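Undergrad: For reference, this is input-v9.txt, and it has compact mmCIF, C-alpha atoms and all ligand atoms.
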# COMPACT_ATOMS: atom_id res chain seq x y z
CA MET A 23 174.09 130.06 107.00
CA ARG A 24 171.93 127.15 105.99
CA PHE A 25 170.22 127.31 102.62
CA VAL A 26 166.62 126.16 102.68
CA PRO A 27 164.96 125.87 99.29
CA CYS A 28 161.55 127.50 98.97
CA PRO A 29 159.20 124.83 97.60
CA THR A 30 157.49 126.00 94.45
CA GLU A 31 154.17 124.53 95.50
CA ASP A 32 154.01 126.89 98.46
CA ARG A 33 152.36 130.24 98.06
CA LEU A 34 154.60 132.80 99.71
CA ASN A 35 152.61 135.84 100.67
CA SER A 36 155.20 138.57 101.05
CA ALA A 37 158.82 139.49 100.55
CA ASP A 38 159.36 138.73 104.23
CA GLN A 39 158.88 135.05 103.47
CA LEU A 40 161.85 135.11 101.13
CA LEU A 41 164.01 137.18 103.45
CA LEU A 42 163.78 134.71 106.28
CA PHE A 43 165.57 132.11 104.19
CA ALA A 44 168.43 134.39 103.22
CA GLU A 45 169.45 136.71 106.05
CA PRO A 46 172.69 135.86 107.82
CA ASP A 47 171.55 136.98 111.32
CA TRP A 48 168.85 134.29 111.31
CA PRO A 49 170.37 131.19 112.94
CA PRO A 50 169.35 127.81 111.50
CA ASP A 51 166.85 125.54 113.25
CA PRO A 52 165.56 122.06 112.51
CA PHE A 53 161.82 122.86 112.42
CA ASP A 54 161.24 123.85 108.76
CA VAL A 55 158.58 126.50 109.50
CA ARG A 56 156.90 127.80 106.36
CA VAL A 57 153.71 129.34 105.02
CA ARG A 58 151.66 127.31 102.58
CA ALA A 59 148.41 128.12 100.87
CA GLU A 60 146.60 126.12 103.56
CA GLY A 61 148.33 128.02 106.36
CA LEU A 62 151.30 127.86 108.70
CA TYR A 63 153.19 124.57 108.51
CA VAL A 64 155.90 122.89 110.60
CA GLY A 65 157.74 120.49 108.29
CA CYS A 66 159.60 118.48 110.95
CA ALA A 67 156.27 117.36 112.40
CA ASP A 68 154.28 117.40 109.13
CA LEU A 69 151.68 119.45 110.98
CA TYR A 70 149.71 122.59 110.15
CA LEU A 71 149.04 125.25 112.77
CA ASP A 72 145.54 126.80 112.75
CA ALA A 73 145.26 126.05 109.02
CA ARG A 74 142.90 128.25 107.01
CA LEU A 75 141.90 125.42 104.67
CA LYS A 76 141.10 121.77 105.30
CA VAL A 77 144.25 119.65 105.80
CA ASP A 78 145.06 116.12 106.98
CA ARG A 79 146.75 117.00 110.28
CA CYS A 80 146.36 120.29 112.12
CA PHE A 81 146.95 121.77 115.56
CA ILE A 82 144.09 124.08 116.51
CA SER A 83 145.06 126.55 119.23
CA HIS A 84 141.47 127.50 120.16
CA ALA A 85 137.94 127.42 118.82
CA HIS A 86 137.48 131.00 117.58
CA THR A 87 136.35 130.85 113.96
CA ASP A 88 139.40 132.66 112.59
CA HIS A 89 141.60 129.81 113.91
CA ALA A 90 139.24 126.82 113.81
CA CYS A 91 138.10 127.35 110.23
CA ALA A 92 137.64 123.80 108.95
CA ALA A 93 137.01 120.19 109.96
CA HIS A 94 140.48 118.70 109.39
CA GLY A 95 141.37 115.03 108.97
CA VAL A 96 142.89 114.97 112.46
CA THR A 97 142.74 117.99 114.79
CA VAL A 98 145.22 118.13 117.68
CA CYS A 99 143.75 120.28 120.44
CA THR A 100 142.52 120.40 124.04
CA SER A 101 139.29 118.69 125.07
CA ALA A 102 137.61 122.07 125.63
CA THR A 103 138.52 123.23 122.11
CA ALA A 104 137.14 119.97 120.68
CA ARG A 105 133.88 120.50 122.60
CA PHE A 106 133.50 124.05 121.28
CA MET A 107 134.40 123.03 117.71
CA ARG A 108 131.79 120.28 117.79
CA LEU A 109 129.14 122.95 118.43
CA ARG A 110 129.82 124.18 114.88
CA LEU A 111 131.60 121.42 112.93
CA ARG A 112 130.04 118.01 112.70
CA SER A 113 132.89 116.11 110.98
CA GLY A 114 136.60 115.54 111.58
CA GLU A 115 138.56 113.51 114.08
CA PHE A 116 139.98 115.03 117.27
CA ASP A 117 143.26 114.00 118.91
CA VAL A 118 142.75 115.52 122.36
CA HIS A 119 145.54 116.09 124.87
CA PRO A 120 145.70 117.62 128.37
CA PHE A 121 148.01 120.51 129.21
CA GLY A 122 151.58 119.72 130.16
CA ARG A 123 151.67 116.06 129.08
CA PRO A 124 154.12 115.40 126.19
CA PHE A 125 153.20 112.93 123.45
CA PRO A 126 155.12 111.53 120.48
CA TRP A 127 154.34 112.85 117.01
CA GLY A 128 156.47 111.20 114.34
CA ASP A 129 160.07 112.05 115.14
CA ALA A 130 158.96 115.04 117.20
CA ARG A 131 157.46 115.39 120.65
CA LEU A 132 154.49 117.71 121.23
CA THR A 133 153.07 119.29 124.40
CA LEU A 134 150.10 121.63 124.83
CA HIS A 135 150.38 124.51 127.33
CA PRO A 136 147.72 127.07 128.38
CA ALA A 137 147.54 130.27 126.34
CA GLY A 138 145.15 132.21 128.62
CA HIS A 139 143.13 133.56 125.67
CA VAL A 140 139.83 131.66 126.02
CA LEU A 141 138.84 128.43 127.73
CA GLY A 142 140.89 125.56 126.27
CA SER A 143 143.24 127.81 124.28
CA ALA A 144 146.65 126.22 123.92
CA GLN A 145 150.19 126.93 122.89
CA LEU A 146 152.03 124.14 121.09
CA LEU A 147 155.55 123.08 122.08
CA VAL A 148 157.38 121.11 119.39
CA GLU A 149 160.59 119.38 120.48
CA TYR A 150 162.74 118.12 117.64
CA GLY A 151 166.45 117.73 116.94
CA GLY A 152 167.35 118.85 120.46
CA GLN A 153 165.56 122.21 120.08
CA ARG A 154 162.22 123.64 121.17
CA LEU A 155 159.69 125.60 119.11
CA VAL A 156 156.61 127.24 120.65
CA TYR A 157 153.56 128.44 118.71
CA THR A 158 151.43 130.70 120.92
CA GLY A 159 148.21 130.98 118.90
CA ASP A 160 146.26 133.87 120.44
CA ILE A 161 147.69 134.50 123.89
CA LYS A 162 147.05 136.64 126.97
CA LEU A 163 149.32 136.68 130.01
CA GLY A 164 146.92 138.38 132.45
CA PRO A 165 144.24 136.76 134.63
CA SER A 166 140.77 135.66 133.57
CA LEU A 167 137.77 134.33 135.51
CA THR A 168 136.85 131.82 132.81
CA CYS A 169 140.03 130.26 131.43
CA GLU A 170 143.39 128.80 132.35
CA ARG A 171 146.27 131.24 133.03
CA ALA A 172 148.91 131.31 130.29
CA LYS A 173 152.28 129.73 130.89
CA VAL A 174 155.53 131.13 129.52
CA VAL A 175 157.22 128.17 127.83
CA PRO A 176 161.01 128.36 127.34
CA CYS A 177 162.06 127.73 123.74
CA ASP A 178 164.64 128.32 121.03
CA VAL A 179 162.17 129.48 118.37
CA LEU A 180 158.93 131.34 119.11
CA ILE A 181 155.99 131.88 116.75
CA CYS A 182 154.02 134.63 118.43
CA GLU A 183 150.81 136.46 117.58
CA SER A 184 151.07 140.26 117.30
CA THR A 185 147.44 141.43 117.27
CA PHE A 186 148.33 144.37 119.54
CA GLY A 187 152.02 144.61 118.60
CA LEU A 188 151.97 148.40 118.44
CA GLU A 189 153.40 150.55 121.23
CA LYS A 190 150.16 152.52 121.73
CA PHE A 191 148.35 149.34 122.88
CA ARG A 192 149.12 149.35 126.59
CA PHE A 193 146.05 148.07 128.39
CA PRO A 194 144.89 149.14 131.86
CA PRO A 195 145.15 146.51 134.61
CA VAL A 196 142.46 143.80 134.44
CA ALA A 197 141.14 144.63 137.93
CA GLN A 198 140.61 148.24 136.85
CA ALA A 199 138.73 147.16 133.71
CA ARG A 200 136.47 144.86 135.76
CA ARG A 201 135.67 147.72 138.15
CA GLN A 202 134.91 149.98 135.19
CA ILE A 203 132.52 147.38 133.73
CA ALA A 204 130.65 146.96 137.03
CA HIS A 205 130.55 150.72 137.65
CA LEU A 206 129.13 151.39 134.17
CA ALA A 207 126.48 148.67 134.58
CA GLY A 208 125.45 150.17 137.93
CA GLU A 209 125.26 153.70 136.55
CA LEU A 210 123.10 152.65 133.60
CA LEU A 211 120.73 150.63 135.77
CA ALA A 212 120.41 153.56 138.18
CA ALA A 213 119.40 155.71 135.20
CA ASP A 214 116.71 153.13 134.32
CA ARG A 215 118.66 152.00 131.25
CA VAL A 216 119.44 148.38 130.28
CA PRO A 217 123.20 147.73 129.88
CA VAL A 218 123.88 145.38 126.94
CA PHE A 219 127.50 144.18 126.91
CA LEU A 220 128.95 142.88 123.63
CA GLY A 221 131.17 139.79 123.66
CA TYR A 222 131.85 136.66 121.61
CA SER A 223 130.03 133.43 122.46
CA LEU A 224 133.41 131.93 123.32
CA GLY A 225 135.70 133.93 125.58
CA ARG A 226 134.56 137.52 125.93
CA GLY A 227 130.85 136.81 126.44
CA PRO A 228 131.28 134.24 129.24
CA GLU A 229 133.99 136.41 130.82
CA LEU A 230 131.67 139.44 130.88
CA ALA A 231 128.84 137.32 132.30
CA ALA A 232 131.20 136.13 135.04
CA ILE A 233 132.47 139.63 135.86
CA LEU A 234 128.94 141.05 136.07
CA ALA A 235 127.44 138.12 137.99
CA GLN A 236 130.34 138.16 140.44
CA ALA A 237 129.70 141.89 140.97
CA GLY A 238 126.13 141.03 142.01
CA PHE A 239 124.15 141.92 138.89
CA GLU A 240 121.34 139.78 137.50
CA VAL A 241 122.66 138.68 134.12
CA MET A 242 120.80 137.51 131.00
CA VAL A 243 122.72 135.88 128.16
CA GLU A 244 121.89 135.52 124.46
CA GLU A 245 121.29 131.99 123.17
CA SER A 246 124.71 131.24 121.58
CA ILE A 247 126.51 132.43 124.73
CA GLY A 248 124.17 130.20 126.76
CA GLN A 249 125.14 127.23 124.54
CA HIS A 250 128.83 127.81 125.18
CA LEU A 251 128.23 128.38 128.89
CA ARG A 252 126.83 124.86 129.15
CA VAL A 253 130.28 123.57 128.13
CA TYR A 254 131.97 126.00 130.54
CA ARG A 255 129.78 124.68 133.38
CA GLU A 256 130.42 121.03 132.48
CA LEU A 257 134.16 121.68 132.49
CA GLY A 258 133.95 123.45 135.86
CA TRP A 259 134.73 126.97 134.63
CA PHE A 260 131.43 128.76 135.23
CA ASP A 261 129.40 128.61 138.42
CA TRP A 262 127.51 131.90 138.45
CA PRO A 263 123.73 132.17 138.10
CA VAL A 264 122.72 133.62 134.73
CA ARG A 265 119.45 133.24 132.87
CA PRO A 266 118.48 133.04 129.18
CA LEU A 267 117.66 136.34 127.54
CA ASP A 268 114.03 137.39 127.58
CA PRO A 269 113.77 140.91 126.13
CA ARG A 270 110.46 141.47 127.96
CA LYS A 271 112.15 140.92 131.31
CA ALA A 272 115.44 142.70 130.66
CA ARG A 273 114.57 145.83 132.65
CA GLY A 274 116.60 145.97 135.85
CA ARG A 275 119.02 143.35 134.52
CA VAL A 276 122.27 143.28 132.52
CA VAL A 277 122.42 141.58 129.11
CA VAL A 278 125.44 139.94 127.45
CA THR A 279 125.27 139.21 123.72
CA PRO A 280 127.50 138.86 120.67
CA ALA A 281 127.77 142.01 118.55
CA GLY A 282 126.01 142.10 115.19
CA PRO A 283 122.44 141.01 114.41
CA ALA A 284 121.75 139.66 117.91
CA ALA A 285 122.77 142.95 119.52
CA ALA A 286 120.81 144.96 116.96
CA ALA A 287 117.70 142.89 117.67
CA ILE A 288 118.06 143.46 121.42
CA ALA A 289 118.55 147.18 120.85
CA ARG A 290 115.24 147.19 118.96
CA GLN A 291 113.32 145.00 121.41
CA VAL A 292 114.53 146.33 124.77
CA THR A 293 113.42 149.80 125.75
CA GLY A 294 116.33 151.82 127.12
CA ALA A 295 119.04 149.42 125.86
CA GLU A 296 122.56 150.91 125.79
CA LEU A 297 125.29 148.89 124.08
CA VAL A 298 128.74 148.56 125.68
CA TYR A 299 131.66 147.47 123.48
CA VAL A 300 134.41 145.66 125.43
CA SER A 301 137.73 144.94 123.73
CA GLY A 302 141.38 145.90 123.47
CA TRP A 303 140.34 147.82 120.35
CA ALA A 304 138.37 150.13 122.64
CA MET A 305 141.68 152.00 123.02
CA LEU A 306 141.02 153.38 119.55
CA ALA A 307 138.74 156.41 119.89
CA GLY A 308 135.31 155.80 118.41
CA TYR A 309 135.99 152.13 117.55
CA GLY A 310 132.95 150.93 119.51
CA ARG A 311 130.64 152.96 117.27
CA ARG A 312 131.43 150.49 114.45
CA PHE A 313 129.35 148.05 116.49
CA GLY A 314 126.62 150.58 117.26
CA ALA A 315 127.86 150.84 120.85
CA ASP A 316 127.12 153.79 123.14
CA HIS A 317 130.05 153.03 125.47
CA ALA A 318 133.42 151.28 125.27
CA VAL A 319 135.64 149.61 127.87
CA CYS A 320 139.18 148.35 127.28
CA LEU A 321 139.45 144.70 128.37
CA SER A 322 141.20 142.27 126.04
CA ASP A 323 141.83 138.55 125.84
CA HIS A 324 145.05 139.23 123.93
CA ALA A 325 148.45 140.29 125.25
CA ASP A 326 149.14 144.00 124.93
CA PHE A 327 152.38 145.43 123.51
CA ASP A 328 154.33 145.21 126.76
CA ASP A 329 153.22 141.64 127.44
CA LEU A 330 154.20 140.55 123.92
CA LEU A 331 157.73 141.91 124.48
CA ARG A 332 157.80 140.39 127.99
CA LEU A 333 156.68 137.03 126.63
CA ALA A 334 159.31 136.97 123.88
CA GLY A 335 162.04 137.90 126.36
CA ARG A 336 160.99 135.42 129.04
CA THR A 337 160.85 132.44 126.67
CA GLY A 338 164.56 132.99 125.95
CA ALA A 339 163.89 132.45 122.23
CA ARG A 340 166.87 133.06 119.95
CA LYS A 341 164.55 134.09 117.15
CA VAL A 342 160.89 135.01 116.91
CA TYR A 343 158.36 134.77 114.09
CA VAL A 344 155.48 137.22 114.44
CA THR A 345 152.11 136.67 112.82
CA HIS A 346 148.70 138.39 112.66
CA GLY A 347 148.01 142.05 113.42
CA TYR A 348 150.77 144.61 113.90
CA THR A 349 153.58 142.34 112.73
CA ARG A 350 155.93 144.98 111.39
CA PRO A 351 155.98 147.24 114.48
CA LEU A 352 156.44 144.24 116.78
CA ARG A 353 159.21 142.83 114.61
CA ASP A 354 161.01 146.19 114.77
CA SER A 355 160.48 146.49 118.54
CA LEU A 356 161.90 143.00 119.10
CA ALA A 357 164.87 143.75 116.85
CA ALA A 358 165.55 146.94 118.82
CA ARG A 359 165.82 144.75 121.91
CA GLY A 360 168.28 142.41 120.24
CA ILE A 361 165.82 139.60 119.47
CA PRO A 362 165.94 138.59 115.78
CA SER A 363 162.40 138.55 114.42
CA ARG A 364 160.66 137.84 111.12
CA ILE A 365 157.11 138.15 109.85
CA LEU A 366 155.06 135.13 108.85
CA ASN A 367 152.28 136.50 106.69
CA VAL A 368 149.64 133.80 106.75
CA GLY A 369 147.03 136.05 105.13
CA ALA A 370 143.54 136.90 106.25
CA PRO A 371 141.35 134.15 107.69
CA ARG A 372 138.67 132.73 105.43
CA ARG A 373 136.03 134.40 107.53
CA ARG A 374 136.98 137.82 108.85
CA ALA A 375 136.58 137.50 112.59
CA ARG A 376 138.73 139.43 114.99
CA SER A 377 138.98 137.85 118.39
CA PRO A 378 139.94 140.76 120.58
ZN ZN B 1 140.97 134.07 119.37
If you convert what's in this file into structure tokens, what do you get?
TA:
Amino acid sequence: MRFVPCPTEDRLNSADQLLLFAEPDWPPDPFDVRVRAEGLYVGCADLYLDARLKVDRCFISHAHTDHACAAHGVTVCTSATARFMRLRLRSGEFDVHPFGRPFPWGDARLTLHPAGHVLGSAQLLVEYGGQRLVYTGDIKLGPSLTCERAKVVPCDVLICESTFGLEKFRFPPVAQARRQIAHLAGELLAADRVPVFLGYSLGRGPELAAILAQAGFEVMVEESIGQHLRVYRELGWFDWPVRPLDPRKARGRVVVTPAGPAAAAIARQVTGAELVYVSGWAMLAGYGRRFGADHAVCLSDHADFDDLLRLAGRTGARKVYVTHGYTRPLRDSLAARGIPSRILNVGAPRRRARSP
């Protein structure tokens, strides 16, 4: 067993952090993965991963605000993620790389691979000392109309998200969820109601707009979704006709908007509006009512429990760090399958923003 000193300047967030340095079934690796106050850190590359605070050098897996929190000195990411981050953050330098093309980074070699979560979302492969480490960021293995399909990247050490790492989260097939979304939209329109689907500006919103437009509905999108769709179109990922939201003309059409104040305003302005919450969290009874929704459909841009186990197994990783969400249940499920696993507790993001 290799002894790795815990630096005193690091803020360790739970007892799990200490355990991972001491347990004999945890084989050594050369990467020096640790949690610092700023966020997850890979020492061998002197690089933060989705840091919560501003740092000099950071890999950003995707542009959701709970991962892309700050304008770092240098941000390593895909070109799509840089485009989306520039919509919000005006400063910071971007070091943009395409998928699948390795590049040197100090003594390490880095490669970005698709994560299938939202457009531009990337996993990071770190090769160092003859071994391979993969950080997934948020990941989904299933298909999407509006982003690259995730790749399973073989590795020795895996750092994997565990948002839905609990056995009860087994999602229905994507095709079934799409049919359910289209069927619900049709039923509401037939009843002279206005379906208002809730989705983030990046990821869920564009995906819902694509599903509904592809099913033949006339779709209106809220302003921030429209802003992001311009980037989607420029990058060749959205080619369906949608129009900007005009509450006076919403009757007979389907609306897509972020949840929160925008959705509340639409509910007030559009006669007959019925809100539809779409997320993996829709598996929890009544969860959509937190967002004022009348209906809920289970469609996620995260891997479900089975896909998380499948992913860990297919990478061939000898050990797995789990982070975010249901870490403890996923750690135990991996251990039960003979895959050593530890929790990296990076704490809550600066701004609470689930990206289901
Ligand atoms: Zn996300």
Undergrad: Give the residue list for ligand ZN 1 (chain B) at 10 Å, counting only C-alpha atoms and all ligand atoms, as a ChimeraX atom specification, sorted by chain and then by residue number.
TA: /A:83-90,139-140,143,159-161,222,224-226,323-324,375-378
Undergrad: When you look at region 249-266 of chain A with a cut-off of 9 Å (counting only C-alpha atoms), what residues show up, excluding the ones that are within fewer than 2 positions of it in the same chain? I need them as a compact mmCIF listing (two decimals) with C-alpha atoms, keeping the file's coordinate frame.
TA:
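Below you can see selection20.txt, which holds the result:
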# COMPACT_ATOMS: atom_id res chain seq x y z
CA ALA A 102 137.61 122.07 125.63
CA ARG A 105 133.88 120.50 122.60
CA PHE A 106 133.50 124.05 121.28
CA LEU A 109 129.14 122.95 118.43
CA LEU A 141 138.84 128.43 127.73
CA LEU A 167 137.77 134.33 135.51
CA THR A 168 136.85 131.82 132.81
CA CYS A 169 140.03 130.26 131.43
CA SER A 223 130.03 133.43 122.46
CA LEU A 224 133.41 131.93 123.32
CA PRO A 228 131.28 134.24 129.24
CA ALA A 231 128.84 137.32 132.30
CA ALA A 232 131.20 136.13 135.04
CA ALA A 235 127.44 138.12 137.99
CA GLN A 236 130.34 138.16 140.44
CA GLU A 240 121.34 139.78 137.50
CA VAL A 241 122.66 138.68 134.12
CA MET A 242 120.80 137.51 131.00
CA VAL A 243 122.72 135.88 128.16
CA GLU A 244 121.89 135.52 124.46
CA GLU A 245 121.29 131.99 123.17
CA SER A 246 124.71 131.24 121.58
CA ILE A 247 126.51 132.43 124.73
CA ASP A 268 114.03 137.39 127.58
Undergrad: How far is it from CA of Leu352 (chain A) to CA of Gly338 (chain A), in Å with one decimal?
TA: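 Taking CA of Leu352 (chain A) as the start and CA of Gly338 (chain A) as the end point, the length is 16.6 Å.
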Undergrad: Between CA of Asp214 (chain A) and CA of Ala307 (chain A), what distance in Å does the model show, to one decimal?
TA: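 CA of Ala307 (chain A) lies at a distance of 26.5 Å from CA of Asp214 (chain A).
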Undergrad: Please provide as a list of chain:residue names all residues within 8 Å of Val175 (chain A), with the sequence filter that same-chain residues fewer than 4 positions apart are discarded (counting only C-alpha atoms).
TA: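 Residues near the query, excluding close chain neighbours: A:His135, A:Leu147, A:Val156, A:Thr337.
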